[in-house]
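Structure file upload.txt with compact mmCIF, C-alpha atoms:
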```
# COMPACT_ATOMS: atom_id res chain seq x y z
CA MET A 10 115.69 92.59 138.85
CA ASP A 11 117.36 90.11 136.49
CA PHE A 12 114.44 90.70 134.12
CA ILE A 13 115.78 94.22 133.42
CA PHE A 14 118.81 92.75 131.64
CA PHE A 15 116.51 90.92 129.22
CA VAL A 16 114.67 94.11 128.21
CA PRO A 17 116.99 94.91 125.23
CA ILE A 18 116.58 91.35 123.93
CA LEU A 19 112.79 91.44 124.26
CA LEU A 20 112.57 94.88 122.67
CA PHE A 21 114.75 93.81 119.76
CA ILE A 22 112.66 90.69 119.14
CA ALA A 23 109.40 92.67 119.41
CA LEU A 24 110.61 95.34 116.98
CA PHE A 25 111.96 92.76 114.53
CA LEU A 26 108.67 90.86 114.45
CA PHE A 27 106.18 93.73 114.55
CA GLU A 28 107.81 97.04 113.54
CA ARG A 29 111.41 97.06 112.38
CA ARG A 30 111.11 100.42 110.59
CA THR A 31 112.96 102.36 113.28
CA ILE A 32 116.57 103.16 114.15
CA TRP A 33 115.88 101.80 117.62
CA ILE A 34 116.02 98.25 116.26
CA GLY A 35 119.68 98.84 115.37
CA PHE A 36 120.42 100.22 118.83
CA PHE A 37 118.74 97.32 120.61
CA PHE A 38 120.55 94.90 118.30
CA ILE A 39 123.84 96.35 119.58
CA LEU A 40 122.68 95.93 123.20
CA PHE A 41 121.39 92.44 122.41
CA THR A 42 124.77 91.43 120.93
CA LEU A 43 126.74 92.83 123.87
CA TYR A 44 124.44 91.22 126.43
CA PHE A 45 124.38 87.87 124.65
CA SER A 46 128.20 87.84 124.42
CA ALA A 47 128.58 88.67 128.12
CA LEU A 48 125.96 86.08 129.08
CA SER A 49 127.71 83.42 126.96
CA ILE A 50 131.06 84.13 128.65
CA VAL A 51 129.52 83.87 132.13
CA TYR A 52 127.67 80.68 131.20
CA PHE A 53 130.72 78.94 129.74
CA GLU A 54 132.86 79.96 132.72
CA SER A 55 130.34 78.42 135.11
CA VAL A 56 130.01 75.21 133.06
CA HIS A 57 133.54 74.83 131.74
CA PHE A 58 136.13 77.35 132.85
CA GLN A 59 138.56 76.66 130.00
CA ILE A 60 135.88 77.15 127.34
CA GLY A 61 134.76 80.34 129.07
CA ILE A 62 138.28 81.78 129.09
CA THR A 63 138.77 80.86 125.43
CA PHE A 64 135.45 82.45 124.51
CA ALA A 65 136.30 85.61 126.47
CA LEU A 66 139.74 85.90 124.88
CA GLY A 67 138.21 85.41 121.44
CA ALA A 68 135.70 88.16 122.12
CA ILE A 69 138.44 90.51 123.33
CA ILE A 70 140.53 89.83 120.23
CA LEU A 71 137.59 90.31 117.86
CA VAL A 72 136.20 93.44 119.51
CA VAL A 73 139.02 95.23 121.33
CA LEU A 74 142.34 94.27 119.77
CA LEU A 75 141.02 94.32 116.20
CA ALA A 76 139.12 97.61 116.68
CA PRO A 77 141.98 99.67 115.15
CA PHE A 78 141.90 97.36 112.11
CA TYR A 79 138.13 97.83 111.73
CA ILE A 80 138.41 101.61 112.02
CA ALA A 81 141.35 101.78 109.61
CA SER A 82 139.54 99.58 107.08
CA PHE A 83 136.42 101.73 107.33
CA VAL A 84 138.37 104.95 106.85
CA ILE A 85 140.26 103.52 103.86
CA ALA A 86 136.98 102.34 102.31
CA LEU A 87 135.44 105.78 102.83
CA ILE A 88 138.31 107.65 101.20
CA THR A 89 139.01 105.25 98.32
CA SER A 90 135.33 104.86 97.40
CA GLY A 91 134.93 108.63 97.63
CA ILE A 92 137.82 109.19 95.22
CA ARG A 93 136.34 106.70 92.74
CA LEU A 94 132.94 108.35 93.04
CA ILE A 95 134.33 111.81 92.29
CA LYS A 96 136.27 110.50 89.29
CA ARG A 97 133.18 108.80 87.86
CA GLU A 98 130.35 111.12 88.94
CA GLY A 99 132.02 114.54 89.14
CA ARG A 100 132.87 117.04 91.87
CA LYS A 101 129.40 117.63 93.24
CA PHE A 102 129.22 118.61 96.90
CA HIS A 103 127.33 115.49 98.00
CA ASN A 104 129.97 113.28 96.36
CA PHE A 105 132.50 114.42 98.97
CA LEU A 106 130.56 113.01 101.93
CA SER A 107 132.48 109.73 102.30
CA ILE A 108 135.88 111.44 101.92
CA GLY A 109 134.81 114.10 104.40
CA LEU A 110 133.72 111.52 106.97
CA GLY A 111 136.96 109.55 106.53
CA LEU A 112 139.11 112.66 107.05
CA PHE A 113 136.98 113.72 110.03
CA ILE A 114 137.51 110.33 111.73
CA ILE A 115 141.28 110.61 111.19
CA ASP A 116 141.35 114.16 112.62
CA TRP A 117 139.19 113.18 115.59
CA ILE A 118 141.40 110.20 116.48
CA ILE A 119 144.58 112.30 116.21
CA ALA A 120 143.03 115.07 118.30
CA SER A 121 141.89 112.55 120.93
CA PHE A 122 145.44 111.24 121.30
CA PHE A 123 147.33 114.52 121.29
CA ILE A 124 144.87 117.09 122.65
CA SER A 125 143.49 116.72 126.15
CA PHE A 126 142.57 119.17 128.87
CA PRO A 127 143.09 118.64 132.62
CA GLU A 128 140.22 119.15 135.06
CA GLU A 129 141.87 122.35 136.28
CA ARG A 130 141.03 124.02 132.95
CA THR A 131 137.35 123.48 133.62
CA PHE A 132 135.94 125.51 130.73
CA LEU A 133 138.02 123.74 128.05
CA TYR A 134 137.49 120.40 129.81
CA SER A 135 133.71 120.87 129.60
CA ILE A 136 133.87 121.91 125.93
CA SER A 137 135.94 118.81 125.16
CA PHE A 138 133.37 116.67 126.98
CA PHE A 139 130.52 118.24 125.00
CA ILE A 140 132.20 117.79 121.59
CA ASN A 141 133.37 114.21 122.19
CA THR A 142 130.05 113.10 123.70
CA LEU A 143 128.16 114.65 120.79
CA ILE A 144 130.42 112.90 118.26
CA LEU A 145 130.05 109.56 120.06
CA TYR A 146 126.27 110.01 120.11
CA PHE A 147 126.02 110.61 116.36
CA PHE A 148 128.41 107.74 115.62
CA THR A 149 126.21 105.45 117.76
CA VAL A 150 123.17 106.63 115.83
CA MET A 151 125.05 106.04 112.55
CA ILE A 152 125.93 102.45 113.52
CA SER A 153 122.35 101.85 114.64
CA PHE A 154 121.14 103.30 111.34
CA ALA A 155 123.44 101.00 109.33
CA ILE A 156 122.26 97.92 111.26
CA ALA A 157 118.60 98.96 110.94
CA SER A 158 119.11 99.43 107.19
CA LEU A 159 120.40 95.86 106.86
CA LEU A 160 117.66 94.38 109.03
CA ASN A 161 114.96 96.15 107.02
CA ARG A 162 116.20 94.54 103.84
CA LEU A 163 115.42 91.09 105.27
CA ARG A 164 112.02 89.80 104.24
CA ASN A 165 110.00 86.62 104.20
CA PRO A 166 110.93 84.88 100.91
CA PHE A 167 107.60 83.03 100.91
CA LYS A 168 105.41 86.13 101.31
CA GLN A 169 103.42 87.09 98.22
CA TYR A 170 102.74 90.73 97.35
CA ASN A 171 99.83 92.38 95.57
CA TYR A 172 101.52 95.67 94.72
CA VAL A 173 105.13 96.48 93.93
CA ILE A 174 105.80 100.21 94.30
CA VAL A 175 108.91 101.21 92.33
CA LEU A 176 110.28 104.63 93.29
CA GLY A 177 111.64 107.01 90.67
CA SER A 178 115.09 108.59 90.82
CA GLY A 179 115.27 111.06 87.93
CA LEU A 180 115.69 110.84 84.16
CA ILE A 181 118.47 111.98 81.84
CA ASN A 182 117.21 113.45 78.57
CA GLY A 183 113.91 111.74 79.19
CA LYS A 184 115.56 108.33 79.39
CA VAL A 185 115.70 105.84 82.26
CA THR A 186 119.16 105.89 83.90
CA PRO A 187 121.06 102.69 84.80
CA LEU A 188 120.35 103.41 88.48
CA LEU A 189 116.62 103.70 87.84
CA ALA A 190 116.68 100.70 85.50
CA SER A 191 118.03 98.54 88.32
CA ARG A 192 115.01 99.50 90.43
CA ILE A 193 112.57 98.73 87.63
CA LEU A 194 114.15 95.36 86.90
CA LYS A 195 114.05 94.48 90.61
CA GLY A 196 110.36 95.37 90.67
CA ILE A 197 109.71 93.30 87.54
CA ASP A 198 111.51 90.35 89.12
CA LEU A 199 109.18 90.52 92.16
CA TYR A 200 106.21 90.92 89.82
CA LYS A 201 107.15 87.78 87.86
CA LYS A 202 107.54 85.77 91.08
CA GLY A 203 104.05 86.85 92.09
CA LYS A 204 102.68 85.82 88.70
CA GLU A 205 104.37 82.43 88.98
CA ALA A 206 102.66 81.96 92.36
CA LYS A 207 99.35 82.99 90.75
CA THR A 208 99.04 85.97 93.09
CA PRO A 209 97.06 89.03 91.90
CA ILE A 210 99.89 91.55 91.54
CA LYS A 211 100.52 94.91 89.89
CA LEU A 212 103.45 97.26 89.45
CA ILE A 213 103.18 100.91 90.47
CA PHE A 214 105.74 103.25 88.92
CA THR A 215 105.92 106.54 90.73
CA GLY A 216 107.61 109.83 89.91
CA GLY A 217 106.55 113.26 88.71
CA GLN A 218 107.98 115.46 86.00
CA GLY A 219 111.02 117.55 86.87
CA SER A 220 111.62 121.00 85.40
CA ASP A 221 114.33 119.56 83.14
CA GLU A 222 112.43 116.40 82.18
CA PRO A 223 110.26 116.07 79.01
CA LEU A 224 107.90 113.54 80.65
CA PRO A 225 107.01 112.25 84.14
CA GLU A 226 109.31 109.62 85.63
CA GLY A 227 106.40 107.27 86.30
CA LEU A 228 105.48 107.25 82.60
CA ALA A 229 109.09 106.72 81.47
CA MET A 230 109.46 103.84 83.94
CA ALA A 231 106.24 102.24 82.70
CA GLN A 232 107.42 102.48 79.09
CA TYR A 233 110.67 100.78 80.10
CA ALA A 234 108.64 98.01 81.76
CA TYR A 235 106.51 97.54 78.63
CA GLU A 236 109.73 96.91 76.72
CA GLN A 237 110.41 94.11 79.22
CA ASN A 238 107.10 92.48 78.23
CA VAL A 239 105.10 93.64 81.24
CA PRO A 240 101.43 93.95 80.17
CA LYS A 241 99.86 97.41 80.48
CA GLU A 242 96.90 96.10 82.49
CA ASP A 243 99.31 95.17 85.31
CA VAL A 244 100.87 98.64 85.50
CA ILE A 245 99.71 101.68 87.46
CA ILE A 246 101.39 105.03 86.74
CA GLU A 247 101.75 107.71 89.42
CA ASP A 248 103.04 110.93 87.82
CA ARG A 249 102.69 113.70 90.43
CA ALA A 250 105.17 112.90 93.22
CA VAL A 251 108.26 115.06 93.68
CA ASN A 252 109.77 113.34 96.75
CA THR A 253 109.79 109.96 98.50
CA TYR A 254 106.94 110.86 100.85
CA GLN A 255 104.69 111.78 97.93
CA ASN A 256 105.87 108.72 95.96
CA ILE A 257 104.49 106.45 98.64
CA LEU A 258 101.44 108.53 99.59
CA TYR A 259 100.15 108.99 96.04
CA SER A 260 100.94 105.38 95.11
CA TYR A 261 98.97 104.18 98.12
CA GLN A 262 96.01 106.34 97.13
CA LEU A 263 96.02 104.79 93.65
CA LEU A 264 96.29 101.21 94.90
CA GLN A 265 93.43 101.78 97.35
CA LYS A 266 91.22 102.67 94.38
CA ASP A 267 92.47 99.66 92.43
CA TRP A 268 92.44 96.94 95.13
CA GLN A 269 89.39 94.67 95.04
CA GLY A 270 90.43 92.09 97.64
CA ASP A 271 88.66 91.41 100.92
CA LYS A 272 91.84 91.53 103.00
CA GLU A 273 94.48 94.24 103.21
CA ALA A 274 96.81 94.29 100.22
CA HIS A 275 100.43 93.21 100.70
CA ILE A 276 102.82 95.93 99.54
CA ILE A 277 106.54 96.01 98.85
CA THR A 278 108.49 99.16 98.04
CA VAL A 279 111.42 98.88 95.64
CA THR A 280 114.33 101.29 95.47
CA ASN A 281 118.12 101.04 95.58
CA ASN A 282 119.52 99.10 98.55
CA TYR A 283 120.93 102.18 100.28
CA HIS A 284 117.53 103.94 100.10
CA VAL A 285 115.28 101.12 101.35
CA PHE A 286 115.30 102.05 105.03
CA ARG A 287 114.43 105.73 104.56
CA ALA A 288 111.70 104.80 102.08
CA LEU A 289 110.18 102.47 104.68
CA LEU A 290 110.39 105.20 107.32
CA TRP A 291 108.33 107.41 105.00
CA ALA A 292 105.89 104.54 104.47
CA ARG A 293 105.51 104.34 108.22
CA LYS A 294 104.82 108.09 108.37
CA VAL A 295 102.20 107.68 105.64
CA GLY A 296 100.68 104.93 107.77
CA ILE A 297 100.97 101.92 105.48
CA LYS A 298 102.49 98.51 106.03
CA SER A 299 105.18 97.81 103.47
CA ASP A 300 108.21 95.60 103.13
CA GLY A 301 111.25 96.80 101.25
CA ALA A 302 113.47 95.45 98.49
CA GLY A 303 116.66 97.01 97.19
CA SER A 304 118.39 96.76 93.85
CA LYS A 305 122.16 96.42 93.88
CA THR A 306 124.37 99.50 93.80
CA LYS A 307 128.08 99.69 93.09
CA PHE A 308 130.09 99.88 96.31
CA TYR A 309 131.84 103.17 95.51
CA PHE A 310 128.42 104.78 95.06
CA TRP A 311 126.65 102.87 97.85
CA LEU A 312 128.87 104.00 100.73
CA ASN A 313 128.56 107.71 99.92
CA ALA A 314 124.82 107.35 99.26
CA LEU A 315 124.33 105.56 102.59
CA ILE A 316 125.92 108.51 104.40
CA ARG A 317 123.55 110.82 102.53
CA GLU A 318 120.64 108.63 103.61
CA TYR A 319 121.85 108.80 107.22
CA ILE A 320 121.85 112.60 107.06
CA GLY A 321 118.36 112.44 105.56
CA VAL A 322 117.11 110.26 108.43
CA LEU A 323 118.71 112.62 110.96
CA TYR A 324 116.75 115.45 109.36
CA MET A 325 113.52 113.43 109.47
CA TYR A 326 113.88 113.13 113.25
CA ARG A 327 115.75 116.40 113.79
CA LYS A 328 113.63 117.47 116.78
CA PHE A 329 114.69 114.38 118.74
CA HIS A 330 118.38 114.76 117.88
CA ILE A 331 118.31 118.49 118.67
CA ALA A 332 116.77 117.65 122.06
CA VAL A 333 119.54 115.10 122.76
CA SER A 334 122.19 117.63 121.71
CA ILE A 335 120.69 120.21 124.08
CA LEU A 336 120.69 117.60 126.87
CA ILE A 337 124.39 116.88 126.25
CA PHE A 338 125.06 120.63 126.34
CA ILE A 339 123.24 120.93 129.68
CA LEU A 340 125.28 118.01 131.05
CA SER A 341 128.46 119.80 129.92
CA ILE A 342 127.42 122.94 131.79
CA ALA A 343 126.61 120.84 134.86
CA LEU A 344 130.03 119.18 134.58
CA TYR A 345 131.67 122.61 134.47
CA PHE A 346 129.96 123.81 137.67
CA ILE A 347 130.47 120.52 139.51
CA THR A 348 134.16 120.42 138.60
CA THR A 349 134.71 124.13 139.37
CA TYR A 350 132.80 124.45 142.63
CA TYR A 351 132.89 120.94 144.11
CA VAL A 352 135.58 118.66 142.68
CA LEU A 353 138.55 121.07 142.50
CA PRO A 354 137.92 122.70 145.93
CA PHE A 355 137.60 119.23 147.46
CA LYS A 356 140.92 118.17 145.90
CA GLY A 357 142.58 121.31 147.25
CA THR A 358 141.64 120.58 150.85
```

How does the structure come out when it is put into structure tokens?
Amino acid sequence: MDFIFFVPILLFIALFLFERRTIWIGFFFILFTLYFSALSIVYFESVHFQIGITFALGAIILVVLLAPFYIASFVIALITSGIRLIKREGRKFHNFLSIGLGLFIIDWIIASFFISFPEERTFLYSISFFINTLILYFFTVMISFAIASLLNRLRNPFKQYNYVIVLGSGLINGKVTPLLASRILKGIDLYKKGKEAKTPIKLIFTGGQGSDEPLPEGLAMAQYAYEQNVPKEDVIIEDRAVNTYQNILYSYQLLQKDWQGDKEAHIITVTNNYHVFRALLWARKVGIKSDGAGSKTKFYFWLNALIREYIGVLYMYRKFHIAVSILIFILSIALYFITTYYVLPFKGT
């Protein structure tokens, strides 16, 4: 039976080594951390009681007592970065995501402290259970998503790649934007490292032509790369894709036609750091093995964009999350009937 407690650790290690492109790796990392901390406390207490107590107190201070500080810091970062984003990028709806989340957390905490329903008001008690459980579920998924995003940006620094797929992100007046330029330069950096290691390597620039764009993104990106002294024979242009899924699918089709090696080509997908995880999830759906690399993004933009990515990942797996939400709703109904017809009558006797 003790083996059961090692399951989260084994699952985390297995996912990290063989398939980290899943939110589950973030969830099992949380379980792994909690279990390892508890195991360390028990071990130190059995070996040296004083060390065990010190370790336990340190864990309590870091996790429990400082939790309000972590939450407050997160909320402040959400709101301040959101304000900066709106000032710099305009009042677009998606620019209000970080401010909205920060205000929601504040409202939820205040409501949790000042609004509560006794068991006797079974209907309201069950509704409160449903709402709070649903919120806790999606916050757990969000934390798992954030951890998975970080873990998927880790890669073997000694691994050599044959193709660097650089994803497009839109043009302004037919010109490469600073955001897109950062992706291209990151891809060129990986390309140069491959050349230095004498690895056969090519860049794939992918992106179709939007209705307001005079040329395809893939072509504009390639022209930008040529200006950085990248030879044309090492560039493949994909100019049909209109979303991330097509970016990766069409790029993979082109590299399959181009690849002459005996073994499977090593691929890395380049985008901005906040977008790496979702891009790799799409690569997994396409059915290709790919590592990910992210170009740097300013913090005020990154936090809001990461929330947008989280919403995008929720939508990708919406059937699963809808099923969990329905299950929580069913549990709330069950709680209502149990409380109404079993708990309260028992208390009254």

Could you give me, as a tab-separated table, every segment 108-209 of chain A residue with an atom at most 8 Å from segment 28-46 of chain A, plus its closest atom pair and distance in Å to one decimal, counting all atoms listed in the file, rows ordered by chain then number?
```
residue	atom	partner	partner_atom	distance
A:Thr149	CA	A:Phe36	CA	7.9
A:Val150	CA	A:Phe36	CA	7.6
A:Ile152	CA	A:Gly35	CA	7.5
A:Ser153	CA	A:Gly35	CA	4.1
A:Phe154	CA	A:Ile32	CA	5.4
A:Ala155	CA	A:Gly35	CA	7.4
A:Ile156	CA	A:Gly35	CA	4.9
A:Ala157	CA	A:Gly35	CA	4.6
A:Leu160	CA	A:Arg29	CA	7.6
A:Asn161	CA	A:Arg29	CA	6.5
```

Contacts of segment 114-208 of chain A with segment 214-233 of chain A up to 8 Å, shortest pair per row, all atoms listed in the file, as a tab-separated table:
```
residue	atom	partner	partner_atom	distance
A:Ile174	CA	A:Phe214	CA	6.2
A:Val175	CA	A:Phe214	CA	5.1
A:Leu176	CA	A:Thr215	CA	5.4
A:Gly177	CA	A:Gly216	CA	5.0
A:Ser178	CA	A:Gly216	CA	7.6
A:Gly179	CA	A:Glu226	CA	6.5
A:Leu180	CA	A:Glu226	CA	6.7
A:Ile181	CA	A:Glu222	CA	7.5
A:Asn182	CA	A:Glu222	CA	6.7
A:Gly183	CA	A:Pro223	CA	5.7
A:Lys184	CA	A:Ala229	CA	7.0
A:Val185	CA	A:Ala229	CA	6.7
A:Ile193	CA	A:Met230	CA	7.0
```

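Compared by their closest atoms to Leu112 of chain A, and using only C-alpha atoms, the residues A:Leu24, A:Ile257, A:Leu94, A:Ala86 rank with A:Ala86 nearest.
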
Quick one, how far is atom CA of Ser135 of chain A from atom CA of Ile335 of chain A? 14.2 Å

For Ile210 of chain A, list every protein, DNA or RNA residue within 9 Å, evaluated using all atoms listed in the file, and leave out those in the same chain fewer than 4 positions away; present the list as a list of chain:residue names. A:Gln169, A:Tyr170, A:Asn171, A:Tyr172, A:Val173, A:Tyr200, A:Lys201, A:Gly203, A:Lys204, A:Asp243

Computed gap from atom CA of Ile297 of chain A to atom CA of Ile277 of chain A is 10.5 Å

Could you please determine the separation between atom CA of Leu48 of chain A and atom CA of Ile22 of chain A in Å, to one decimal place?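 Taking atom CA of Leu48 of chain A and atom CA of Ile22 of chain A, their separation equals 17.2 Å.
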
Within 12 Å of (134.9, 124.4, 123.2) in the file's own coordinates, which protein, DNA or RNA residues have an atom, counting all atoms listed in the file? List them as a PDB file with C-alpha atoms, in the coordinates of the input.
```pdb
ATOM      1  CA  SER A 125     143.490 116.720 126.150  1.00  0.00           C
ATOM      2  CA  PHE A 126     142.570 119.170 128.870  1.00  0.00           C
ATOM      3  CA  ARG A 130     141.030 124.020 132.950  1.00  0.00           C
ATOM      4  CA  THR A 131     137.350 123.480 133.620  1.00  0.00           C
ATOM      5  CA  PHE A 132     135.940 125.510 130.730  1.00  0.00           C
ATOM      6  CA  LEU A 133     138.020 123.740 128.050  1.00  0.00           C
ATOM      7  CA  TYR A 134     137.490 120.400 129.810  1.00  0.00           C
ATOM      8  CA  SER A 135     133.710 120.870 129.600  1.00  0.00           C
ATOM      9  CA  ILE A 136     133.870 121.910 125.930  1.00  0.00           C
ATOM     10  CA  SER A 137     135.940 118.810 125.160  1.00  0.00           C
ATOM     11  CA  PHE A 138     133.370 116.670 126.980  1.00  0.00           C
ATOM     12  CA  PHE A 139     130.520 118.240 125.000  1.00  0.00           C
ATOM     13  CA  ILE A 140     132.200 117.790 121.590  1.00  0.00           C
ATOM     14  CA  ASN A 141     133.370 114.210 122.190  1.00  0.00           C
ATOM     15  CA  PHE A 338     125.060 120.630 126.340  1.00  0.00           C
ATOM     16  CA  SER A 341     128.460 119.800 129.920  1.00  0.00           C
ATOM     17  CA  ILE A 342     127.420 122.940 131.790  1.00  0.00           C
ATOM     18  CA  TYR A 345     131.670 122.610 134.470  1.00  0.00           C
TER      19      TYR A 345
END
```

Mind listing whatever residues come within 12 Å of the point (132.0, 114.6, 93.2)? Use all atoms listed in the file, file coordinates, and give them as a PyMOL selection string. chain A and resi 90-109+309-310+313-314

Could you write out the selected residues, including C-alpha atoms, as a compact mmCIF listing (two decimals), in the frame of the given file?
```
# COMPACT_ATOMS: atom_id res chain seq x y z
CA SER A 90 135.33 104.86 97.40
CA GLY A 91 134.93 108.63 97.63
CA ILE A 92 137.82 109.19 95.22
CA ARG A 93 136.34 106.70 92.74
CA LEU A 94 132.94 108.35 93.04
CA ILE A 95 134.33 111.81 92.29
CA LYS A 96 136.27 110.50 89.29
CA ARG A 97 133.18 108.80 87.86
CA GLU A 98 130.35 111.12 88.94
CA GLY A 99 132.02 114.54 89.14
CA ARG A 100 132.87 117.04 91.87
CA LYS A 101 129.40 117.63 93.24
CA PHE A 102 129.22 118.61 96.90
CA HIS A 103 127.33 115.49 98.00
CA ASN A 104 129.97 113.28 96.36
CA PHE A 105 132.50 114.42 98.97
CA LEU A 106 130.56 113.01 101.93
CA SER A 107 132.48 109.73 102.30
CA ILE A 108 135.88 111.44 101.92
CA GLY A 109 134.81 114.10 104.40
CA TYR A 309 131.84 103.17 95.51
CA PHE A 310 128.42 104.78 95.06
CA ASN A 313 128.56 107.71 99.92
CA ALA A 314 124.82 107.35 99.26
```

Take every atom of segment 174-184 of chain A listed in the file, fit an axis-aligned box around them, add 6 Å per side, and give the centre and edge lengths in Å to one decimal as AutoDock Vina command-line options.
```
--center_x 112.1 --center_y 106.8 --center_z 86.4 --size_x 24.7 --size_y 25.2 --size_z 27.7
```

For Ala288 of chain A, which residue among A:Ala302, A:Ile119, A:Leu145, A:Leu194 is the nearest when counting only C-alpha atoms?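 Looking at the shortest contact to Ala288 of chain A, the residue is A:Ala302.
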
Smallest atom-to-atom distance to Gly270 of chain A: which of A:Pro209, A:Thr348, A:Tyr235, A:Leu258, using all atoms listed in the file?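 Selected residue with least distance to Gly270 of chain A: A:Pro209.
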